[in-house]
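A.B. asks: First the structure, which I've put down as structure tokens, then a few questions once you've had a look.
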Amino acid sequence: MTLWILGDQLNHAAVEQLAPRRVLLVEAYELGRTPPMHPQKLVLFFSAMRHFAEELRAGGREVIYLQAETLAEALEQFFQAYPGETLAQMQPADFGFAERAKALVEGRGGLYRLLPNRLWLLQPEEFDRWAGSRQTYRLEYFYRFMRQRTGYLMQKGQPVGGAWNYDAENRKAPPPGYRPPAPLRFAPDALTQGAIETVKARFQGHFGALEGFEWPVTRQQALEALEDFVQKRLAAFGPYQDALVEQSWSLHHSLLSPALNLGLLHPAEVVERALAEYEKGGVPLASIEGFVRQVMGWREYIYHVYRREMPGLLRANQLAAQAPLPPLFWGAPTRMRCLSTVITRVRARGYAHHIERLMVLANFALLYGVEPQALNAWFVAAFVDSADWVMVPNVLGMGVFASPILSSKPYAASGKYIARMGNHCQHCAFKVSETLGEQACPFNSLYWDFMARHRALLEGNPRLAVLYRSWDRRQPQEQRAIRHRAESLRQGIAQGEV
């Protein structure tokens, strides 16, 4: 048996547990072109895979490392050397890949065998028993189930501190000029430089900068990044996890999602290392709980929802949004400072934290009316930690409310939210306090227009009743002016003029 390891399954413990005769890794360049991936994501995958192969060889494993334009070409090479071989593979995370792999293997005379993927805290059958036949999912219920199942932050069957979450304490904006600790970064070694040269030679015209690559690409580097986070940034992670500030791209975020999504770290060891730091004292309960919820709750939750709801979730568009992605997402100039700042950061590093993704990028696309599938393709292409399983539920389920699966209402907000959570608005060309006029923040009129356009779907939600009462108190002339301003903005944004 040969174990075919994918680029998001680079976990030594899993290989040791399965004890294969040999290991196969494949760089298939077609996978980086549809959609065209951020150059730093390509470097991350190629470098991490090459390091992983070298580490396996150093440990005495037989490793076959193939580079080809397509998976089909690589497997053709493999089966010429090993006719009739059984290729075993841990269950791929992305929908449809296992079926494609099986067809390619069996079409070349091999046998394809699927194995459980132990890189998740919860296996599919366990989630399915919890979910049963429910038509919608709610994180809070799943998160409580996971806390009880694992015993993390539990004491005698009850949550430590008496509450399941501390969201109310984790929505603070840092003081003016606040500077968090700089995260640990990693200079490219020879193998990473080789991956950079591969990307330069084979991939042109992709959104994103290749220069400045500093992500961890080995197990050891990933462990160092984890240690750096728990010692220097975990304590203040909670209060500022939703902050939007210009002076820091990283704040107190862990920046561990790329390493987790590659398999270099297991979610259990990440949570348990953070909990060990909490037990020493000095880490507030709100910070450790918020971090545990992201890794053990949200990350596992969206994977299993994705697994159960594909392919329908990818096609969802309950708001019938049809607008093409506006030029600003590809780096065209915009005077909206929050968007300009976040997209510049994504271009430079392939990264933005979760509130920048949800409440700046996705919120704007929601209000503007971007087609969900177009926005999802951009998110997959733009981020170093992207994967189909990551982005489909986050973008379509949460970001643009294309499906009701993950939320009972859209995460729509005016400029007031962005102003409250950070400092982008202080130096913006637009005035966040205004809704009408050429200098009014575009988020404001787009927000009210969005709510008016989708009233038939949304007004039955009791959490939105007060909003519609506020809208109804406005004079008809003002309502028309707001909606006219929104339409004018959409036209200007589409032409790259806002």
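The chains in the structure tokens are called A, B, ... from first to last as shown; in each chain the residues are counted from 1, and the ligands are counted from 1 in the order shown.
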From a DSSP calculation on the backbone, collect every residue of range 177-336 of chain A in helix (DSSP H, G or I) and output the set as a CSV table (one decimal) with N, CA and C atoms, in the first residue's frame.

C.D. replies:
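Output file result_32.csv follows:
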chain,number,residue,atom,x,y,z
A,190,ALA,N,16.3,27.4,1.8
A,190,ALA,CA,16.6,27.0,0.4
A,190,ALA,C,15.4,26.3,-0.3
A,191,LEU,N,14.7,25.4,0.5
A,191,LEU,CA,13.6,24.8,-0.1
A,191,LEU,C,12.4,25.8,-0.4
A,192,THR,N,12.2,26.7,0.5
A,192,THR,CA,11.2,27.7,0.3
A,192,THR,C,11.6,28.6,-0.9
A,193,GLN,N,12.9,29.0,-1.0
A,193,GLN,CA,13.3,29.8,-2.1
A,193,GLN,C,13.1,29.0,-3.4
A,194,GLY,N,13.3,27.7,-3.4
A,194,GLY,CA,13.0,26.9,-4.6
A,194,GLY,C,11.5,26.9,-4.9
A,195,ALA,N,10.6,26.9,-3.9
A,195,ALA,CA,9.2,27.0,-4.2
A,195,ALA,C,8.8,28.4,-4.7
A,196,ILE,N,9.5,29.4,-4.2
A,196,ILE,CA,9.3,30.8,-4.8
A,196,ILE,C,9.6,30.8,-6.3
A,197,GLU,N,10.8,30.2,-6.6
A,197,GLU,CA,11.2,30.2,-8.0
A,197,GLU,C,10.2,29.4,-8.9
A,198,THR,N,9.6,28.3,-8.3
A,198,THR,CA,8.6,27.6,-9.1
A,198,THR,C,7.4,28.4,-9.4
A,199,VAL,N,7.0,29.2,-8.4
A,199,VAL,CA,5.8,30.1,-8.6
A,199,VAL,C,6.1,31.2,-9.6
A,200,LYS,N,7.3,31.7,-9.5
A,200,LYS,CA,7.7,32.8,-10.4
A,200,LYS,C,7.6,32.2,-11.9
A,201,ALA,N,8.1,31.0,-12.0
A,201,ALA,CA,8.2,30.4,-13.4
A,201,ALA,C,6.9,29.9,-13.9
A,202,ARG,N,6.0,29.4,-13.1
A,202,ARG,CA,4.8,28.7,-13.6
A,202,ARG,C,3.5,29.5,-13.4
A,219,ARG,N,6.8,21.5,10.5
A,219,ARG,CA,6.2,21.2,11.8
A,219,ARG,C,6.9,22.0,12.9
A,220,GLN,N,8.2,22.1,12.9
A,220,GLN,CA,9.0,22.8,13.9
A,220,GLN,C,8.6,24.3,13.9
A,221,GLN,N,8.5,24.9,12.7
A,221,GLN,CA,8.2,26.3,12.7
A,221,GLN,C,6.7,26.5,13.2
A,222,ALA,N,5.8,25.6,12.8
A,222,ALA,CA,4.5,25.7,13.3
A,222,ALA,C,4.4,25.7,14.8
A,223,LEU,N,5.2,24.8,15.4
A,223,LEU,CA,5.2,24.7,16.9
A,223,LEU,C,5.8,26.0,17.5
A,224,GLU,N,6.8,26.6,16.9
A,224,GLU,CA,7.3,27.8,17.3
A,224,GLU,C,6.3,28.9,17.2
A,225,ALA,N,5.5,28.9,16.1
A,225,ALA,CA,4.5,30.0,16.0
A,225,ALA,C,3.4,29.8,17.0
A,226,LEU,N,3.0,28.6,17.3
A,226,LEU,CA,2.1,28.3,18.4
A,226,LEU,C,2.6,28.8,19.7
A,227,GLU,N,3.8,28.5,20.0
A,227,GLU,CA,4.4,29.0,21.3
A,227,GLU,C,4.5,30.5,21.4
A,228,ASP,N,4.8,31.1,20.3
A,228,ASP,CA,4.9,32.6,20.2
A,228,ASP,C,3.5,33.2,20.5
A,229,PHE,N,2.5,32.6,20.0
A,229,PHE,CA,1.1,33.1,20.2
A,229,PHE,C,0.7,32.9,21.7
A,230,VAL,N,0.9,31.7,22.3
A,230,VAL,CA,0.3,31.5,23.6
A,230,VAL,C,1.1,32.3,24.6
A,231,GLN,N,2.4,32.6,24.4
A,231,GLN,CA,3.2,33.3,25.4
A,231,GLN,C,3.0,34.8,25.2
A,232,LYS,N,2.8,35.3,24.0
A,232,LYS,CA,2.9,36.8,23.8
A,232,LYS,C,1.6,37.4,23.4
A,257,SER,N,-3.9,29.5,11.4
A,257,SER,CA,-4.8,28.8,10.4
A,257,SER,C,-4.1,28.2,9.3
A,258,PRO,N,-3.1,28.8,8.7
A,258,PRO,CA,-2.3,28.1,7.6
A,258,PRO,C,-1.7,26.8,8.0
A,259,ALA,N,-1.1,26.9,9.2
A,259,ALA,CA,-0.4,25.6,9.7
A,259,ALA,C,-1.4,24.6,10.1
A,260,LEU,N,-2.5,25.0,10.7
A,260,LEU,CA,-3.6,24.0,11.0
A,260,LEU,C,-4.2,23.4,9.7
A,261,ASN,N,-4.4,24.2,8.7
A,261,ASN,CA,-5.0,23.8,7.5
A,261,ASN,C,-4.1,22.9,6.6
A,262,LEU,N,-2.8,23.0,6.8
A,262,LEU,CA,-1.8,22.1,6.2
A,262,LEU,C,-1.7,20.8,6.9
A,267,PRO,N,-5.6,20.3,15.7
A,267,PRO,CA,-6.4,21.2,16.6
A,267,PRO,C,-6.3,20.9,18.1
A,268,ALA,N,-6.2,19.6,18.4
A,268,ALA,CA,-6.2,19.2,19.8
A,268,ALA,C,-5.0,19.8,20.5
A,269,GLU,N,-3.8,19.7,19.8
A,269,GLU,CA,-2.6,20.1,20.5
A,269,GLU,C,-2.6,21.7,20.6
A,270,VAL,N,-3.2,22.3,19.6
A,270,VAL,CA,-3.3,23.8,19.7
A,270,VAL,C,-4.2,24.2,20.9
A,271,VAL,N,-5.3,23.6,21.0
A,271,VAL,CA,-6.2,23.9,22.1
A,271,VAL,C,-5.6,23.6,23.5
A,272,GLU,N,-5.0,22.4,23.5
A,272,GLU,CA,-4.4,22.0,24.8
A,272,GLU,C,-3.2,22.8,25.2
A,273,ARG,N,-2.4,23.3,24.3
A,273,ARG,CA,-1.3,24.2,24.6
A,273,ARG,C,-1.8,25.5,25.1
A,274,ALA,N,-2.8,26.0,24.5
A,274,ALA,CA,-3.4,27.3,25.0
A,274,ALA,C,-4.0,27.1,26.4
A,275,LEU,N,-4.7,26.0,26.6
A,275,LEU,CA,-5.3,25.7,27.9
A,275,LEU,C,-4.2,25.5,29.0
A,276,ALA,N,-3.1,24.9,28.6
A,276,ALA,CA,-2.0,24.8,29.6
A,276,ALA,C,-1.4,26.2,30.0
A,277,GLU,N,-1.4,27.1,29.1
A,277,GLU,CA,-1.0,28.5,29.4
A,277,GLU,C,-2.0,29.2,30.3
A,278,TYR,N,-3.2,28.9,30.0
A,278,TYR,CA,-4.3,29.5,30.9
A,278,TYR,C,-4.2,29.0,32.3
A,279,GLU,N,-3.9,27.7,32.4
A,279,GLU,CA,-3.8,27.1,33.8
A,279,GLU,C,-2.7,27.7,34.6
A,280,LYS,N,-1.7,28.2,33.9
A,280,LYS,CA,-0.6,28.9,34.7
A,280,LYS,C,-1.0,30.2,35.3
A,285,LEU,N,-10.1,34.4,31.3
A,285,LEU,CA,-11.0,33.4,30.9
A,285,LEU,C,-11.6,33.8,29.5
A,286,ALA,N,-12.0,35.1,29.4
A,286,ALA,CA,-12.6,35.5,28.1
A,286,ALA,C,-11.7,35.3,26.9
A,287,SER,N,-10.4,35.4,27.1
A,287,SER,CA,-9.4,35.2,26.0
A,287,SER,C,-9.3,33.7,25.6
A,288,ILE,N,-9.1,32.9,26.7
A,288,ILE,CA,-8.9,31.5,26.4
A,288,ILE,C,-10.2,30.9,25.8
A,289,GLU,N,-11.4,31.3,26.3
A,289,GLU,CA,-12.6,30.8,25.8
A,289,GLU,C,-12.9,31.2,24.4
A,290,GLY,N,-12.6,32.5,24.1
A,290,GLY,CA,-12.7,32.9,22.7
A,290,GLY,C,-11.9,32.2,21.7
A,291,PHE,N,-10.6,31.9,22.1
A,291,PHE,CA,-9.7,31.1,21.2
A,291,PHE,C,-10.2,29.7,21.1
A,292,VAL,N,-10.5,29.0,22.2
A,292,VAL,CA,-11.0,27.6,22.1
A,292,VAL,C,-12.2,27.5,21.2
A,293,ARG,N,-13.1,28.5,21.3
A,293,ARG,CA,-14.3,28.5,20.5
A,293,ARG,C,-14.0,28.6,19.0
A,294,GLN,N,-13.0,29.4,18.6
A,294,GLN,CA,-12.6,29.5,17.2
A,294,GLN,C,-12.1,28.1,16.7
A,295,VAL,N,-11.2,27.5,17.5
A,295,VAL,CA,-10.5,26.3,17.0
A,295,VAL,C,-11.4,25.0,17.1
A,296,MET,N,-11.9,24.8,18.3
A,296,MET,CA,-12.7,23.6,18.6
A,296,MET,C,-14.1,23.7,18.2
A,297,GLY,N,-14.6,25.0,18.2
A,297,GLY,CA,-16.0,25.2,17.8
A,297,GLY,C,-16.2,25.5,16.4
A,298,TRP,N,-15.8,26.7,16.0
A,298,TRP,CA,-16.1,27.2,14.6
A,298,TRP,C,-15.4,26.4,13.5
A,299,ARG,N,-14.1,26.1,13.7
A,299,ARG,CA,-13.4,25.4,12.7
A,299,ARG,C,-14.0,24.0,12.4
A,300,GLU,N,-14.2,23.2,13.4
A,300,GLU,CA,-14.9,21.9,13.2
A,300,GLU,C,-16.3,22.0,12.7
A,301,TYR,N,-17.0,23.0,13.2
A,301,TYR,CA,-18.4,23.2,12.8
A,301,TYR,C,-18.6,23.5,11.3
A,302,ILE,N,-17.8,24.4,10.8
A,302,ILE,CA,-18.0,24.8,9.4
A,302,ILE,C,-17.6,23.6,8.5
A,303,TYR,N,-16.5,22.8,8.9
A,303,TYR,CA,-16.1,21.7,8.1
A,303,TYR,C,-17.3,20.7,7.9
A,304,HIS,N,-17.9,20.4,9.0
A,304,HIS,CA,-18.9,19.3,9.0
A,304,HIS,C,-20.2,19.9,8.4
A,305,VAL,N,-20.5,21.1,8.5
A,305,VAL,CA,-21.7,21.7,7.8
A,305,VAL,C,-21.4,21.6,6.3
A,306,TYR,N,-20.2,22.0,5.9
A,306,TYR,CA,-19.8,22.0,4.5
A,306,TYR,C,-20.0,20.6,4.0
A,307,ARG,N,-19.4,19.6,4.7
A,307,ARG,CA,-19.4,18.2,4.3
A,307,ARG,C,-20.8,17.7,4.1
A,308,ARG,N,-21.8,18.1,4.9
A,308,ARG,CA,-23.2,17.6,4.8
A,308,ARG,C,-24.0,18.4,3.8
A,309,GLU,N,-23.6,19.6,3.5
A,309,GLU,CA,-24.5,20.5,2.7
A,309,GLU,C,-24.0,20.7,1.3
A,312,GLY,N,-25.1,21.6,-2.7
A,312,GLY,CA,-26.1,22.7,-2.7
A,312,GLY,C,-25.7,24.0,-2.1
A,313,LEU,N,-24.9,23.9,-1.0
A,313,LEU,CA,-24.4,25.2,-0.4
A,313,LEU,C,-23.7,26.1,-1.3
A,314,LEU,N,-22.8,25.5,-2.2
A,314,LEU,CA,-22.0,26.3,-3.1
A,314,LEU,C,-22.9,27.0,-4.1
A,315,ARG,N,-24.1,26.4,-4.4
A,315,ARG,CA,-25.0,27.0,-5.4
A,315,ARG,C,-26.0,28.0,-4.8
A,327,PRO,N,-14.1,46.2,-9.2
A,327,PRO,CA,-12.6,46.2,-9.4
A,327,PRO,C,-11.8,46.4,-8.1
A,328,LEU,N,-12.4,47.0,-7.1
A,328,LEU,CA,-11.6,47.3,-5.8
A,328,LEU,C,-11.1,46.0,-5.2
A,329,PHE,N,-11.8,44.9,-5.4
A,329,PHE,CA,-11.4,43.6,-4.8
A,329,PHE,C,-10.1,43.2,-5.4
A,330,TRP,N,-9.8,43.6,-6.7
A,330,TRP,CA,-8.6,43.2,-7.3
A,330,TRP,C,-7.5,44.3,-7.2

A.B. asks: Compile the contact shell of range 350-353 of chain A as a list of chain:residue names: residues with an atom at most 6 Å away, counting only C-alpha atoms, same-chain residues fewer than 4 positions apart removed.

C.D. replies: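 After dropping sequence-adjacent residues, the list is A:Val346, A:Ala382, A:Phe383, A:Val384.
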
A.B. asks: Restricting it to C-alpha atoms, dump the selection as a PDB file, in the first residue's frame.

C.D. replies:
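Now in out.pdb:
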ATOM      1  CA  VAL A 346      -4.650  40.659   1.602  1.00  0.00           C
ATOM      2  CA  ALA A 382      -6.924  35.563  -2.168  1.00  0.00           C
ATOM      3  CA  PHE A 383      -6.081  33.898   1.161  1.00  0.00           C
ATOM      4  CA  VAL A 384      -3.174  31.684   2.217  1.00  0.00           C
TER       5      VAL A 384
END

A.B. asks: Would you kindly return, as a list in words, each protein, DNA or RNA residue with an atom no farther than 6 Å from any atom of range 396-403 of chain A, considering only C-alpha atoms and excluding same-chain residues fewer than 2 positions away?

C.D. replies: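 So, after excluding close chain neighbours, the residues are Ala316, Asn317, Gln318, Leu358, Ala362, Leu366, Val392, Pro393, Asn394, Ile405, Leu406 and Pro410 of chain A.
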
A.B. asks: Could you list, as number ranges by chain, every residue within 9 Å of Leu114 in chain A, counting only C-alpha atoms and ignoring same-chain residues fewer than 6 positions away?

C.D. replies: A: 87-92, 98

A.B. asks: Determine which residues of range 69-226 of chain A receive a DSSP assignment of strand (DSSP E or B), computed from the backbone, and state them as number ranges by chain.

C.D. replies: A: 86-90, 111-115, 154-155, 158-159

A.B. asks: Which residue gives the smallest distance to His266 in chain A among A:Tyr178, A:Phe237, A:Trp378, A:Trp120, with only C-alpha atoms counted?

C.D. replies: A:Trp120

A.B. asks: Expressed in Å to a single decimal, how great is the separation between CA of Val217 in chain A and CA of Leu25 in chain A?

C.D. replies: 15.6 Å

A.B. asks: Excluding Gln426 in chain A and any residue of its chain fewer than 2 positions from it, enumerate the residues within 12 Å of it, using only C-alpha atoms, and give them as a PyMOL selection string.

C.D. replies: chain A and resi 176+244-246+336-338+415-416+418-424+428-433+441

A.B. asks: Now that the selection is made, can you save its residues with C-alpha atoms as a PDB file, in the first residue's frame?

C.D. replies:
ATOM      1  CA  PRO A 176      -5.413  55.078  20.243  1.00  0.00           C
ATOM      2  CA  LEU A 244     -10.335  46.885  13.140  1.00  0.00           C
ATOM      3  CA  VAL A 245      -7.202  49.026  13.341  1.00  0.00           C
ATOM      4  CA  GLU A 246      -4.817  50.498  10.820  1.00  0.00           C
ATOM      5  CA  MET A 336     -13.221  53.746   1.288  1.00  0.00           C
ATOM      6  CA  ARG A 337     -10.353  53.489   3.734  1.00  0.00           C
ATOM      7  CA  CYS A 338     -11.407  50.300   5.524  1.00  0.00           C
ATOM      8  CA  GLY A 415     -20.366  52.255   8.746  1.00  0.00           C
ATOM      9  CA  LYS A 416     -21.194  52.773  12.415  1.00  0.00           C
ATOM     10  CA  ILE A 418     -16.694  49.779  11.514  1.00  0.00           C
ATOM     11  CA  ALA A 419     -16.253  53.123  13.298  1.00  0.00           C
ATOM     12  CA  ARG A 420     -17.070  51.564  16.658  1.00  0.00           C
ATOM     13  CA  MET A 421     -14.604  48.696  16.274  1.00  0.00           C
ATOM     14  CA  GLY A 422     -11.565  50.624  15.081  1.00  0.00           C
ATOM     15  CA  ASN A 423      -9.970  53.701  13.581  1.00  0.00           C
ATOM     16  CA  HIS A 424     -10.306  53.382   9.802  1.00  0.00           C
ATOM     17  CA  CYS A 428     -11.330  58.276   5.582  1.00  0.00           C
ATOM     18  CA  ALA A 429     -12.390  60.501   2.688  1.00  0.00           C
ATOM     19  CA  PHE A 430     -16.005  59.724   3.612  1.00  0.00           C
ATOM     20  CA  LYS A 431     -17.885  60.752   6.750  1.00  0.00           C
ATOM     21  CA  VAL A 432     -19.240  57.816   8.706  1.00  0.00           C
ATOM     22  CA  SER A 433     -21.729  60.068  10.535  1.00  0.00           C
ATOM     23  CA  CYS A 441     -19.978  56.819   4.063  1.00  0.00           C
TER      24      CYS A 441
END

A.B. asks: Show which residues sit within 10 Å of Gly496 in chain A, as a ChimeraX atom specification. Count only C-alpha atoms, and ignore same-chain residues fewer than 6 positions away.

C.D. replies: /A:326-328,332-335,490

A.B. asks: Near Asn444 in chain A, counting only C-alpha atoms, which residues have an atom at most 12 Å away, once you skip same-chain residues fewer than 6 positions from it, shown as a short mmCIF file (atom, residue, chain, number, x, y, z; two decimals) with C-alpha atoms, in the first residue's frame?

C.D. replies:
data_model
loop_
_atom_site.label_atom_id
_atom_site.label_comp_id
_atom_site.auth_asym_id
_atom_site.auth_seq_id
_atom_site.Cartn_x
_atom_site.Cartn_y
_atom_site.Cartn_z
CA ASN A 363 -20.36 42.90 4.53
CA PHE A 364 -19.53 45.27 1.68
CA LEU A 367 -24.69 45.29 0.73
CA TYR A 368 -23.45 45.86 -2.79
CA ALA A 412 -25.13 43.36 7.57
CA ALA A 413 -23.85 46.55 9.15
CA SER A 414 -23.52 50.22 8.34
CA GLY A 415 -20.37 52.26 8.75
CA LYS A 416 -21.19 52.77 12.42
CA TYR A 417 -20.05 49.26 13.24
CA ILE A 418 -16.69 49.78 11.51
CA ALA A 419 -16.25 53.12 13.30
CA PHE A 430 -16.00 59.72 3.61
CA LYS A 431 -17.89 60.75 6.75
CA VAL A 432 -19.24 57.82 8.71
CA SER A 433 -21.73 60.07 10.53
CA GLU A 434 -23.55 60.90 7.28
CA THR A 435 -25.88 58.83 5.11
CA LEU A 436 -26.71 61.34 2.36
CA GLY A 437 -24.42 63.57 0.34
CA PHE A 450 -30.11 46.47 1.30
CA MET A 451 -32.56 46.19 4.18
CA ILE A 482 -31.11 57.08 0.44
CA ARG A 483 -31.99 54.47 -2.14
CA ARG A 485 -27.68 57.43 -3.27
CA ALA A 486 -27.13 53.66 -2.97
CA LEU A 489 -22.81 54.38 -5.46
#

A.B. asks: What gap, in Å, lies between CA of Pro39 in chain A and CA of Glu76 in chain A?

C.D. replies: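 Result for CA of Pro39 in chain A versus CA of Glu76 in chain A: 27.3 Å, one decimal.
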
A.B. asks: Take CA of Val380 in chain A and CA of Phe95 in chain A and report the distance between them in Å, one decimal.

C.D. replies: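 Rounded to one decimal, the two atoms are 14.1 Å apart.
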
A.B. asks: With only C-alpha atoms counted and 12 Å as the cut-off, give the residues of range 211-255 of chain A in contact with range 159-168 of chain A, each with its shortest interatomic distance in Å and the pair that gives it, as CSV.

C.D. replies:
residue,atom,partner,partner_atom,distance
A:Gly238,CA,A:Asp167,CA,8.5
A:Pro239,CA,A:Asp167,CA,8.9
A:Tyr240,CA,A:Asp167,CA,11.0
A:Gln241,CA,A:Asp167,CA,10.0
A:Asp242,CA,A:Asp167,CA,9.9
